[in-house]
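A.B. asks: This one is query_16.cif, mmCIF, C-alpha atoms and all ligand atoms; chains and numbers go by the auth columns.
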```
data_entry
loop_
_atom_site.group_PDB
_atom_site.id
_atom_site.type_symbol
_atom_site.label_atom_id
_atom_site.label_comp_id
_atom_site.label_asym_id
_atom_site.label_seq_id
_atom_site.Cartn_x
_atom_site.Cartn_y
_atom_site.Cartn_z
_atom_site.B_iso_or_equiv
_atom_site.auth_seq_id
_atom_site.auth_asym_id
ATOM 1 C CA MET A 1 15.964 -8.524 -13.070 0.00 1 A
ATOM 2 C CA THR A 2 18.217 -6.014 -14.804 0.00 2 A
ATOM 3 C CA ALA A 3 19.412 -3.435 -12.330 0.00 3 A
ATOM 4 C CA PRO A 4 20.004 0.127 -13.543 0.00 4 A
ATOM 5 C CA GLY A 5 23.602 0.537 -14.833 0.00 5 A
ATOM 6 C CA GLU A 6 26.205 2.574 -12.956 0.00 6 A
ATOM 7 C CA ASN A 7 25.954 5.517 -15.370 0.00 7 A
ATOM 8 C CA ARG A 8 22.237 5.718 -14.894 0.00 8 A
ATOM 9 C CA LEU A 9 22.582 5.502 -11.115 0.00 9 A
ATOM 10 C CA SER A 10 25.140 8.284 -10.906 0.00 10 A
ATOM 11 C CA ALA A 11 23.043 10.499 -13.221 0.00 11 A
ATOM 12 C CA ILE A 12 20.109 10.041 -10.826 0.00 12 A
ATOM 13 C CA ALA A 13 22.222 10.936 -7.794 0.00 13 A
ATOM 14 C CA ASP A 14 23.603 14.022 -9.601 0.00 14 A
ATOM 15 C CA ASP A 15 20.117 15.190 -10.586 0.00 15 A
ATOM 16 C CA LEU A 16 18.773 14.755 -7.063 0.00 16 A
ATOM 17 C CA ALA A 17 21.737 16.604 -5.559 0.00 17 A
ATOM 18 C CA THR A 18 21.600 19.513 -8.006 0.00 18 A
ATOM 19 C CA LYS A 19 17.900 20.046 -8.782 0.00 19 A
ATOM 20 C CA GLY A 20 15.990 17.717 -6.484 0.00 20 A
ATOM 21 C CA TRP A 21 14.375 15.529 -9.135 0.00 21 A
ATOM 22 C CA SER A 22 15.339 13.136 -11.903 0.00 22 A
ATOM 23 C CA TRP A 23 13.285 11.865 -14.847 0.00 23 A
ATOM 24 C CA GLN A 24 14.489 8.540 -16.209 0.00 24 A
ATOM 25 C CA PRO A 25 12.662 7.270 -19.325 0.00 25 A
ATOM 26 C CA GLY A 26 12.491 3.488 -19.569 0.00 26 A
ATOM 27 C CA LEU A 27 14.272 2.862 -16.268 0.00 27 A
ATOM 28 C CA LEU A 28 11.919 0.100 -15.189 0.00 28 A
ATOM 29 C CA PRO A 29 12.752 -3.129 -17.074 0.00 29 A
ATOM 30 C CA GLU A 30 10.093 -4.046 -19.636 0.00 30 A
ATOM 31 C CA THR A 31 9.298 -7.425 -18.084 0.00 31 A
ATOM 32 C CA LEU A 32 8.754 -5.784 -14.710 0.00 32 A
ATOM 33 C CA THR A 33 6.610 -2.996 -16.171 0.00 33 A
ATOM 34 C CA HIS A 34 4.531 -5.670 -17.874 0.00 34 A
ATOM 35 C CA ALA A 35 4.118 -7.826 -14.740 0.00 35 A
ATOM 36 C CA LEU A 36 3.132 -4.836 -12.599 0.00 36 A
ATOM 37 C CA ARG A 37 0.666 -3.664 -15.248 0.00 37 A
ATOM 38 C CA GLU A 38 -0.966 -7.095 -15.349 0.00 38 A
ATOM 39 C CA GLU A 39 -1.400 -7.083 -11.589 0.00 39 A
ATOM 40 C CA LEU A 40 -2.763 -3.551 -11.532 0.00 40 A
ATOM 41 C CA VAL A 41 -5.208 -4.222 -14.368 0.00 41 A
ATOM 42 C CA ALA A 42 -6.468 -7.348 -12.565 0.00 42 A
ATOM 43 C CA ARG A 43 -6.893 -5.482 -9.282 0.00 43 A
ATOM 44 C CA ASP A 44 -8.612 -2.614 -11.036 0.00 44 A
ATOM 45 C CA ALA A 45 -11.054 -5.044 -12.664 0.00 45 A
ATOM 46 C CA GLU A 46 -11.874 -6.467 -9.233 0.00 46 A
ATOM 47 C CA ALA A 47 -12.390 -2.892 -7.982 0.00 47 A
ATOM 48 C CA ASP A 48 -9.740 -3.694 -5.398 0.00 48 A
ATOM 49 C CA LEU A 49 -8.781 -0.033 -5.286 0.00 49 A
ATOM 50 C CA GLU A 50 -9.969 2.702 -2.965 0.00 50 A
ATOM 51 C CA ALA A 51 -10.426 6.413 -3.477 0.00 51 A
ATOM 52 C CA ALA A 52 -7.172 7.960 -2.314 0.00 52 A
ATOM 53 C CA GLY A 53 -7.094 10.464 0.507 0.00 53 A
ATOM 54 C CA ILE A 54 -4.815 13.281 1.525 0.00 54 A
ATOM 55 C CA GLY A 55 -3.495 14.432 4.855 0.00 55 A
ATOM 56 C CA ARG A 56 -1.729 12.870 7.792 0.00 56 A
ATOM 57 C CA GLU A 57 -2.597 9.641 9.463 0.00 57 A
ATOM 58 C CA GLY A 58 -5.584 10.308 11.702 0.00 58 A
ATOM 59 C CA GLU A 59 -6.697 13.294 9.655 0.00 59 A
ATOM 60 C CA PHE A 60 -7.222 11.232 6.571 0.00 60 A
ATOM 61 C CA GLN A 61 -9.784 12.648 4.222 0.00 61 A
ATOM 62 C CA VAL A 62 -10.961 12.020 0.708 0.00 62 A
ATOM 63 C CA ASP A 63 -11.016 15.372 -1.021 0.00 63 A
ATOM 64 C CA ARG A 64 -12.093 15.034 -4.610 0.00 64 A
ATOM 65 C CA SER A 65 -11.364 18.672 -5.385 0.00 65 A
ATOM 66 C CA ILE A 66 -7.623 18.048 -4.894 0.00 66 A
ATOM 67 C CA ARG A 67 -7.155 14.522 -6.006 0.00 67 A
ATOM 68 C CA ARG A 68 -9.063 11.973 -8.014 0.00 68 A
ATOM 69 C CA THR A 69 -7.199 8.647 -7.949 0.00 69 A
ATOM 70 C CA ARG A 70 -7.728 5.112 -6.782 0.00 70 A
ATOM 71 C CA ILE A 71 -4.934 3.348 -4.980 0.00 71 A
ATOM 72 C CA THR A 72 -4.058 -0.017 -3.513 0.00 72 A
ATOM 73 C CA TRP A 73 -1.051 -0.570 -1.249 0.00 73 A
ATOM 74 C CA PHE A 74 1.627 -3.167 -1.959 0.00 74 A
ATOM 75 C CA ASP A 75 1.591 -6.026 0.523 0.00 75 A
ATOM 76 C CA GLY A 76 4.661 -7.754 -0.936 0.00 76 A
ATOM 77 C CA THR A 77 2.870 -11.032 -1.635 0.00 77 A
ATOM 78 C CA THR A 78 2.894 -11.240 -5.444 0.00 78 A
ATOM 79 C CA SER A 79 5.879 -12.021 -7.635 0.00 79 A
ATOM 80 C CA ALA A 80 5.556 -8.701 -9.484 0.00 80 A
ATOM 81 C CA GLN A 81 5.709 -6.818 -6.175 0.00 81 A
ATOM 82 C CA LYS A 82 8.641 -8.898 -4.978 0.00 82 A
ATOM 83 C CA ASP A 83 10.511 -8.262 -8.223 0.00 83 A
ATOM 84 C CA PHE A 84 9.843 -4.555 -7.881 0.00 84 A
ATOM 85 C CA GLN A 85 11.199 -4.612 -4.339 0.00 85 A
ATOM 86 C CA ILE A 86 14.370 -6.374 -5.506 0.00 86 A
ATOM 87 C CA TRP A 87 14.800 -3.902 -8.341 0.00 87 A
ATOM 88 C CA SER A 88 14.221 -0.860 -6.111 0.00 88 A
ATOM 89 C CA GLU A 89 16.765 -2.169 -3.579 0.00 89 A
ATOM 90 C CA GLY A 90 19.478 -1.498 -6.162 0.00 90 A
ATOM 91 C CA LEU A 91 18.349 2.121 -6.391 0.00 91 A
ATOM 92 C CA ARG A 92 18.121 2.488 -2.634 0.00 92 A
ATOM 93 C CA ALA A 93 21.636 1.155 -2.067 0.00 93 A
ATOM 94 C CA SER A 94 23.023 3.447 -4.738 0.00 94 A
ATOM 95 C CA LEU A 95 21.275 6.563 -3.387 0.00 95 A
ATOM 96 C CA ASN A 96 22.397 5.785 0.136 0.00 96 A
ATOM 97 C CA ARG A 97 25.974 5.364 -1.066 0.00 97 A
ATOM 98 C CA ASP A 98 26.093 8.490 -3.250 0.00 98 A
ATOM 99 C CA LEU A 99 23.933 10.873 -1.256 0.00 99 A
ATOM 100 C CA MET A 100 24.217 9.423 2.267 0.00 100 A
ATOM 101 C CA LEU A 101 20.485 9.612 2.740 0.00 101 A
ATOM 102 C CA GLY A 102 20.004 6.693 5.120 0.00 102 A
ATOM 103 C CA LEU A 103 16.948 5.481 3.207 0.00 103 A
ATOM 104 C CA PHE A 104 15.478 2.599 5.136 0.00 104 A
ATOM 105 C CA ASP A 105 12.349 1.144 3.672 0.00 105 A
ATOM 106 C CA MET A 106 9.758 1.933 1.057 0.00 106 A
ATOM 107 C CA GLU A 107 5.979 2.101 1.072 0.00 107 A
ATOM 108 C CA VAL A 108 4.473 1.580 -2.367 0.00 108 A
ATOM 109 C CA CYS A 109 1.010 1.748 -3.874 0.00 109 A
ATOM 110 C CA PHE A 110 -0.503 1.216 -7.284 0.00 110 A
ATOM 111 C CA ALA A 111 -2.399 4.259 -8.534 0.00 111 A
ATOM 112 C CA VAL A 112 -5.091 4.462 -11.185 0.00 112 A
ATOM 113 C CA TYR A 113 -6.273 7.835 -12.454 0.00 113 A
ATOM 114 C CA PRO A 114 -9.614 7.268 -14.208 0.00 114 A
ATOM 115 C CA PRO A 115 -10.521 9.569 -17.120 0.00 115 A
ATOM 116 C CA GLY A 116 -10.929 13.002 -15.521 0.00 116 A
ATOM 117 C CA GLY A 117 -8.494 12.021 -12.750 0.00 117 A
ATOM 118 C CA PHE A 118 -5.855 14.473 -11.520 0.00 118 A
ATOM 119 C CA TYR A 119 -3.801 15.454 -8.490 0.00 119 A
ATOM 120 C CA ASP A 120 -3.324 19.144 -7.706 0.00 120 A
ATOM 121 C CA ARG A 121 0.071 20.602 -6.889 0.00 121 A
ATOM 122 C CA HIS A 122 1.461 19.167 -3.648 0.00 122 A
ATOM 123 C CA LEU A 123 4.514 17.928 -1.758 0.00 123 A
ATOM 124 C CA ASP A 124 4.673 14.229 -0.828 0.00 124 A
ATOM 125 C CA SER A 125 5.996 14.710 2.673 0.00 125 A
ATOM 126 C CA PHE A 126 3.774 16.288 5.268 0.00 126 A
ATOM 127 C CA ALA A 127 5.418 19.190 7.064 0.00 127 A
ATOM 128 C CA GLY A 128 7.193 18.228 10.241 0.00 128 A
ATOM 129 C CA ALA A 129 7.234 14.470 9.752 0.00 129 A
ATOM 130 C CA ARG A 130 10.506 13.462 8.133 0.00 130 A
ATOM 131 C CA ASN A 131 8.903 10.249 7.010 0.00 131 A
ATOM 132 C CA ARG A 132 9.076 10.403 3.254 0.00 132 A
ATOM 133 C CA VAL A 133 12.470 11.394 1.898 0.00 133 A
ATOM 134 C CA ILE A 134 12.572 10.294 -1.755 0.00 134 A
ATOM 135 C CA SER A 135 9.491 9.767 -3.911 0.00 135 A
ATOM 136 C CA LEU A 136 9.489 7.385 -6.849 0.00 136 A
ATOM 137 C CA VAL A 137 6.753 7.301 -9.474 0.00 137 A
ATOM 138 C CA ALA A 138 6.743 4.689 -12.265 0.00 138 A
ATOM 139 C CA TYR A 139 4.351 4.562 -15.206 0.00 139 A
ATOM 140 C CA LEU A 140 2.659 1.350 -16.245 0.00 140 A
ATOM 141 C CA ASN A 141 0.424 2.069 -19.257 0.00 141 A
ATOM 142 C CA GLU A 142 1.165 0.169 -22.438 0.00 142 A
ATOM 143 C CA ASP A 143 1.855 3.410 -24.252 0.00 143 A
ATOM 144 C CA TRP A 144 1.078 7.071 -23.798 0.00 144 A
ATOM 145 C CA ASP A 145 1.245 10.381 -25.592 0.00 145 A
ATOM 146 C CA GLU A 146 0.677 14.055 -24.831 0.00 146 A
ATOM 147 C CA ALA A 147 -2.876 14.048 -26.254 0.00 147 A
ATOM 148 C CA ARG A 148 -4.054 11.693 -23.511 0.00 148 A
ATOM 149 C CA GLY A 149 -3.302 14.290 -20.831 0.00 149 A
ATOM 150 C CA GLY A 150 -2.107 13.210 -17.398 0.00 150 A
ATOM 151 C CA ALA A 151 1.302 14.874 -17.649 0.00 151 A
ATOM 152 C CA LEU A 152 3.272 15.221 -14.430 0.00 152 A
ATOM 153 C CA ALA A 153 4.054 18.909 -13.855 0.00 153 A
ATOM 154 C CA VAL A 154 7.153 19.596 -11.774 0.00 154 A
ATOM 155 C CA TRP A 155 8.345 22.759 -10.043 0.00 155 A
ATOM 156 C CA ASN A 156 11.709 23.574 -8.541 0.00 156 A
ATOM 157 C CA GLU A 157 12.111 23.751 -4.805 0.00 157 A
ATOM 158 C CA GLY A 158 10.657 26.983 -3.445 0.00 158 A
ATOM 159 C CA ALA A 159 8.708 27.871 -6.632 0.00 159 A
ATOM 160 C CA SER A 160 5.730 30.125 -5.993 0.00 160 A
ATOM 161 C CA ASP A 161 2.138 29.376 -6.880 0.00 161 A
ATOM 162 C CA GLU A 162 2.396 31.649 -9.928 0.00 162 A
ATOM 163 C CA ASP A 163 5.526 30.065 -11.352 0.00 163 A
ATOM 164 C CA ALA A 164 5.136 27.864 -14.395 0.00 164 A
ATOM 165 C CA PRO A 165 6.379 24.283 -13.976 0.00 165 A
ATOM 166 C CA VAL A 166 10.027 23.640 -14.969 0.00 166 A
ATOM 167 C CA ALA A 167 9.040 20.385 -16.623 0.00 167 A
ATOM 168 C CA ARG A 168 6.009 18.508 -17.891 0.00 168 A
ATOM 169 C CA ILE A 169 6.651 14.784 -17.985 0.00 169 A
ATOM 170 C CA ILE A 170 4.651 12.565 -20.337 0.00 170 A
ATOM 171 C CA PRO A 171 3.969 9.341 -18.386 0.00 171 A
ATOM 172 C CA GLU A 172 5.497 6.897 -20.843 0.00 172 A
ATOM 173 C CA PRO A 173 5.647 3.215 -19.885 0.00 173 A
ATOM 174 C CA GLY A 174 8.644 2.242 -17.782 0.00 174 A
ATOM 175 C CA GLY A 175 9.572 5.863 -17.099 0.00 175 A
ATOM 176 C CA VAL A 176 10.561 6.607 -13.519 0.00 176 A
ATOM 177 C CA MET A 177 10.459 9.954 -11.742 0.00 177 A
ATOM 178 C CA LEU A 178 12.439 10.488 -8.541 0.00 178 A
ATOM 179 C CA MET A 179 11.937 13.549 -6.339 0.00 179 A
ATOM 180 C CA LEU A 180 12.935 14.869 -2.942 0.00 180 A
ATOM 181 C CA SER A 181 9.619 14.361 -1.147 0.00 181 A
ATOM 182 C CA GLU A 182 9.855 17.428 1.081 0.00 182 A
ATOM 183 C CA ALA A 183 11.074 19.836 -1.577 0.00 183 A
ATOM 184 C CA ILE A 184 9.661 19.279 -5.059 0.00 184 A
ATOM 185 C CA PRO A 185 6.108 20.449 -5.759 0.00 185 A
ATOM 186 C CA HIS A 186 4.361 18.459 -8.470 0.00 186 A
ATOM 187 C CA ALA A 187 0.903 17.851 -9.918 0.00 187 A
ATOM 188 C CA VAL A 188 -0.843 15.394 -12.211 0.00 188 A
ATOM 189 C CA GLU A 189 -2.734 17.183 -14.978 0.00 189 A
ATOM 190 C CA VAL A 190 -6.216 15.956 -15.855 0.00 190 A
ATOM 191 C CA THR A 191 -5.972 12.684 -17.726 0.00 191 A
ATOM 192 C CA ARG A 192 -8.308 11.802 -20.591 0.00 192 A
ATOM 193 C CA GLU A 193 -7.637 8.088 -20.427 0.00 193 A
ATOM 194 C CA LYS A 194 -7.100 5.638 -17.620 0.00 194 A
ATOM 195 C CA ARG A 195 -3.591 6.304 -16.329 0.00 195 A
ATOM 196 C CA LEU A 196 -1.738 3.471 -14.593 0.00 196 A
ATOM 197 C CA GLY A 197 1.257 3.826 -12.326 0.00 197 A
ATOM 198 C CA LEU A 198 2.773 3.242 -8.949 0.00 198 A
ATOM 199 C CA ALA A 199 4.103 5.601 -6.341 0.00 199 A
ATOM 200 C CA GLY A 200 6.620 4.731 -3.660 0.00 200 A
ATOM 201 C CA TRP A 201 8.304 6.626 -0.864 0.00 201 A
ATOM 202 C CA TRP A 202 11.539 5.753 0.834 0.00 202 A
ATOM 203 C CA ARG A 203 11.589 6.595 4.489 0.00 203 A
ATOM 204 C CA VAL A 204 14.389 6.982 6.961 0.00 204 A
ATOM 205 C CA ASN A 205 14.396 4.793 10.049 0.00 205 A
ATOM 206 C CA GLN A 206 12.459 6.634 12.715 0.00 206 A
ATOM 207 C CA SER A 207 13.162 4.178 15.503 0.00 207 A
ATOM 208 C CA GLY A 208 13.565 6.004 18.788 0.00 208 A
ATOM 209 C CA MET A 209 12.785 5.767 22.471 0.00 209 A
ATOM 210 C CA ASP A 210 9.139 5.019 21.955 0.00 210 A
ATOM 211 C CA ARG A 211 9.098 3.592 18.493 0.00 211 A
ATOM 212 C CA ILE A 212 10.838 0.798 16.632 0.00 212 A
ATOM 213 C CA ASP A 213 10.386 0.612 12.895 0.00 213 A
ATOM 214 C CA PRO A 214 10.127 -2.979 11.737 0.00 214 A
ATOM 215 C CA LEU A 215 12.673 -4.319 9.255 0.00 215 A
ATOM 216 C CA SER A 216 10.174 -5.288 6.591 0.00 216 A
HETATM 217 C C1 LIG B . 1.619 10.916 -5.942 0.00 301 B
HETATM 218 C C2 LIG B . 1.948 11.605 -7.203 0.00 301 B
HETATM 219 C C3 LIG B . 2.455 11.508 -9.561 0.00 301 B
HETATM 220 C C4 LIG B . 2.157 10.742 -10.790 0.00 301 B
HETATM 221 O O1 LIG B . 1.124 9.770 -5.988 0.00 301 B
HETATM 222 O O2 LIG B . 1.870 11.500 -4.875 0.00 301 B
HETATM 223 O O3 LIG B . 2.270 12.758 -7.142 0.00 301 B
HETATM 224 O O4 LIG B . 2.670 11.141 -11.840 0.00 301 B
HETATM 225 N N1 LIG B . 1.944 10.925 -8.375 0.00 301 B
HETATM 226 O O5 LIG B . 1.410 9.777 -10.745 0.00 301 B
HETATM 227 MN MN MN B . 2.975 13.256 -5.196 0.00 302 B
#
```
Go through the file and emit its structure as structure tokens.
Ligand code: OGA
Ligand code: MN

C.D. replies:
Amino acid sequence: MTAPGENRLSAIADDLATKGWSWQPGLLPETLTHALREELVARDAEADLEAAGIGREGEFQVDRSIRRTRITWFDGTTSAQKDFQIWSEGLRASLNRDLMLGLFDMEVCFAVYPPGGFYDRHLDSFAGARNRVISLVAYLNEDWDEARGGALAVWNEGASDEDAPVARIIPEPGGVMLMLSEAIPHAVEVTREKRLGLAGWWRVNQSGMDRIDPLS
């Protein structure tokens, strides 16, 4: 598994420190993109994906006016998932070293946006819970272009509802987007074709008096 090179890693850390997000075309190795796509396509065919919800644990709801996606969580059992975990460890170690974030573990899910699928502007971390610190999105289609829709719109921290996005990312295969989960608003524009990807969130260790996070 080819780990991202040092130049790439320091560019990511610089981007996150200065603007809060970093778009990295082709960061995911091709073999890994391919293996993850195969798994996602197989799961999708088995309808092993559920309509995604929004909101905190316990207030979970499926709101189709905000989000139309199907997701399935990683359970770490397949070789593609294991390879992704090994690959993402390199990123985690580098971000912890350069930005002193104390990232601990990552939750990951596959996400399929069917034609007509979208996700309105949102933040990935729910207010108050410092559970998701860095978001990672990776794109798994075989190829993609602007005409298919499904661009990822990104705003700077603190942008108002009226502000235009600072970037519109075309979800090309192997591209990886990293964002500060609590700060960077983003949205998935309506897609015209089935859009394949994964989304992961690194969390900090929240072990405390009444809670011990497992070392998974
Ligand atoms: C998400 C998300 C963006 C994308 O899953 O929270 O914002 O481009 N995904 O798929
Ligand atoms: Mn998001």

A.B. asks: Got a sec to check which residues lie within 10 Å of ligand MN 302 (chain B), using only C-alpha atoms and all ligand atoms, and send them as a CSV table (one decimal) with C-alpha atoms, in the frame of the given file?

C.D. replies:
```csv
chain,number,residue,atom,x,y,z
A,119,TYR,CA,-3.8,15.5,-8.5
A,120,ASP,CA,-3.3,19.1,-7.7
A,121,ARG,CA,0.1,20.6,-6.9
A,122,HIS,CA,1.5,19.2,-3.6
A,123,LEU,CA,4.5,17.9,-1.8
A,124,ASP,CA,4.7,14.2,-0.8
A,125,SER,CA,6.0,14.7,2.7
A,135,SER,CA,9.5,9.8,-3.9
A,136,LEU,CA,9.5,7.4,-6.8
A,137,VAL,CA,6.8,7.3,-9.5
A,152,LEU,CA,3.3,15.2,-14.4
A,179,MET,CA,11.9,13.5,-6.3
A,181,SER,CA,9.6,14.4,-1.1
A,184,ILE,CA,9.7,19.3,-5.1
A,185,PRO,CA,6.1,20.4,-5.8
A,186,HIS,CA,4.4,18.5,-8.5
A,187,ALA,CA,0.9,17.9,-9.9
A,188,VAL,CA,-0.8,15.4,-12.2
A,199,ALA,CA,4.1,5.6,-6.3
A,200,GLY,CA,6.6,4.7,-3.7
A,201,TRP,CA,8.3,6.6,-0.9
```

A.B. asks: Calculate how many Å separate atom CA of A:Val133 from atom CA of A:Arg43, rounding to one decimal.

C.D. replies: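 Interatomic distance, atom CA of A:Val133 to atom CA of A:Arg43: 28.0 Å.
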
A.B. asks: I need the output of the PyMOL selection byres (((chain A and resi 203) around 8) and not hetatm) for this file as a PyMOL selection string; which residues are they?

C.D. replies: chain A and resi 103-107+130-134+201-202+204-205

A.B. asks: Using all atoms listed in the file, which of A:Tyr139, A:Trp87, A:Trp21, A:Phe126 sits nearest ligand LIG 301 (chain B)?

C.D. replies: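 Comparing A:Tyr139, A:Trp87, A:Trp21, A:Phe126 against ligand LIG 301 (chain B), the winner is A:Tyr139.
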
A.B. asks: For ligand LIG 301 (chain B), which residue among A:Gly116, A:Gly197, A:Gly174, A:Gly102 is the nearest when counting only C-alpha atoms and all ligand atoms?

C.D. replies: A:Gly197

A.B. asks: Quote the spacing between atom CA of A:Gly117 and atom CA of A:Leu91 in Å to one decimal place.

C.D. replies: 29.3 Å

A.B. asks: Find the distance between atom CA of A:Trp73 and atom CA of A:Pro29 and write it in Å to one decimal.

C.D. replies: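 These atoms are spaced 21.2 Å apart.
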
A.B. asks: Would you kindly translate the PyMOL selection byres (((chain A and resi 38) around 12) and not hetatm) into the concrete residues it picks from this file, as a PyMOL selection string?

C.D. replies: chain A and resi 31-37+39-45+78-81+110+140-142+196-197

A.B. asks: Between A:Thr191, A:Leu198, A:Ser94, A:Ala47, single out the one closest to A:Gly5, counting only C-alpha atoms.

C.D. replies: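 Closest to A:Gly5, using only C-alpha atoms: A:Ser94.
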
A.B. asks: Using only C-alpha atoms, list the residues that have an atom at most 9 Å from (18.9, 8.2, -12.0), coordinates as in the file, as a ChimeraX atom specification.

C.D. replies: /A:4,7-16,22-24,27,91,176-178

A.B. asks: Using only C-alpha atoms, determine which residues lie at most 7 Å from A:Pro114, disregarding the query and same-chain residues fewer than 6 positions distant; provide the list as a list in words.

C.D. replies: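 The residues that qualify are Thr69, Glu193, Lys194 and Arg195 of chain A.
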
A.B. asks: Rank A:Ala151, A:Ala164, A:Ser88, A:Asn156 by their smallest atom-to-atom distance to A:Lys19, using all atoms listed in the file, and report the top residue only.

C.D. replies: A:Asn156

A.B. asks: If you count only C-alpha atoms, which residues fall within 8 Å of stretch 144-149 of chain A, apart from same-chain ones fewer than 6 positions away, as a compact mmCIF listing (two decimals) with C-alpha atoms, in the coordinates of the input?

C.D. replies:
```
# COMPACT_ATOMS: atom_id res chain seq x y z
CA ILE A 170 4.65 12.56 -20.34
CA PRO A 171 3.97 9.34 -18.39
CA GLU A 172 5.50 6.90 -20.84
CA PRO A 173 5.65 3.22 -19.89
CA GLU A 189 -2.73 17.18 -14.98
CA VAL A 190 -6.22 15.96 -15.86
CA THR A 191 -5.97 12.68 -17.73
CA ARG A 192 -8.31 11.80 -20.59
CA GLU A 193 -7.64 8.09 -20.43
```

A.B. asks: Which residue gives the smallest distance to ligand LIG 301 (chain B) among A:Ile86, A:Ile71, A:Asn96, A:Thr77, with all atoms listed in the file counted?

C.D. replies: A:Ile71

A.B. asks: Pick the closest to ligand LIG 301 (chain B) from A:Asp98, A:Asp163, A:Thr18, A:Arg67: which is it, counting all atoms listed in the file?

C.D. replies: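 Going through A:Asp98, A:Asp163, A:Thr18, A:Arg67 one by one, the smallest distance to ligand LIG 301 (chain B) is for A:Arg67.
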